[in-house]
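The block underneath contains the structure these notes are about, expressed in structure tokens.
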Amino acid sequence: MDSLNHLLTVQIFAILVAVVGEIAASELLLTVAIGTFFIAFVAMFVQMTTALLVGLGQSDGSALAA
């Protein structure tokens with residue numbers, strides 16, 4: 001869970017940087033912030049999906065039968 005918190009922090013920071021970039025009219029800052037946000041978003045999705053699949057793999061199968 002700690003790494004998910006770090007990824008969420010990166011996403012929030014990237015949104016704030018994008019707002020500052022928009023106010024400052026900095027195209028480079030805005031581009032970097034949006035790219036960073038989506039990379040962190042994809043990494044969080046991959047990590048959560050992997051944790052779900054590992055958890056299902058370790059269960060006795062009753063979660064799939066329900």
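We name chains A, B, ... following the order of the structure tokens; residues begin at 1 in each chain, and ligands are numbered from 1 as shown.
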
Task: 7 Å contact set for stretch 31-42 of chain A, only C-alpha atoms, chain neighbours under 6 positions out, as number ranges by chain - done: A: 7, 10-11, 14-15, 17-18

Resulting file, chosen residues, C-alpha atoms, as a PDB file, in the first residue's frame:
```pdb
ATOM      1  CA  LEU A   7       1.924   6.975  -6.858  1.00  0.00           C
ATOM      2  CA  VAL A  10       2.871  11.849  -7.685  1.00  0.00           C
ATOM      3  CA  GLN A  11      -0.484  12.140  -9.452  1.00  0.00           C
ATOM      4  CA  ALA A  14       1.462  16.412 -11.320  1.00  0.00           C
ATOM      5  CA  ILE A  15      -2.024  17.950 -11.342  1.00  0.00           C
ATOM      6  CA  VAL A  17       2.207  21.355 -11.573  1.00  0.00           C
ATOM      7  CA  ALA A  18      -0.151  21.280 -14.574  1.00  0.00           C
TER       8      ALA A  18
END
```
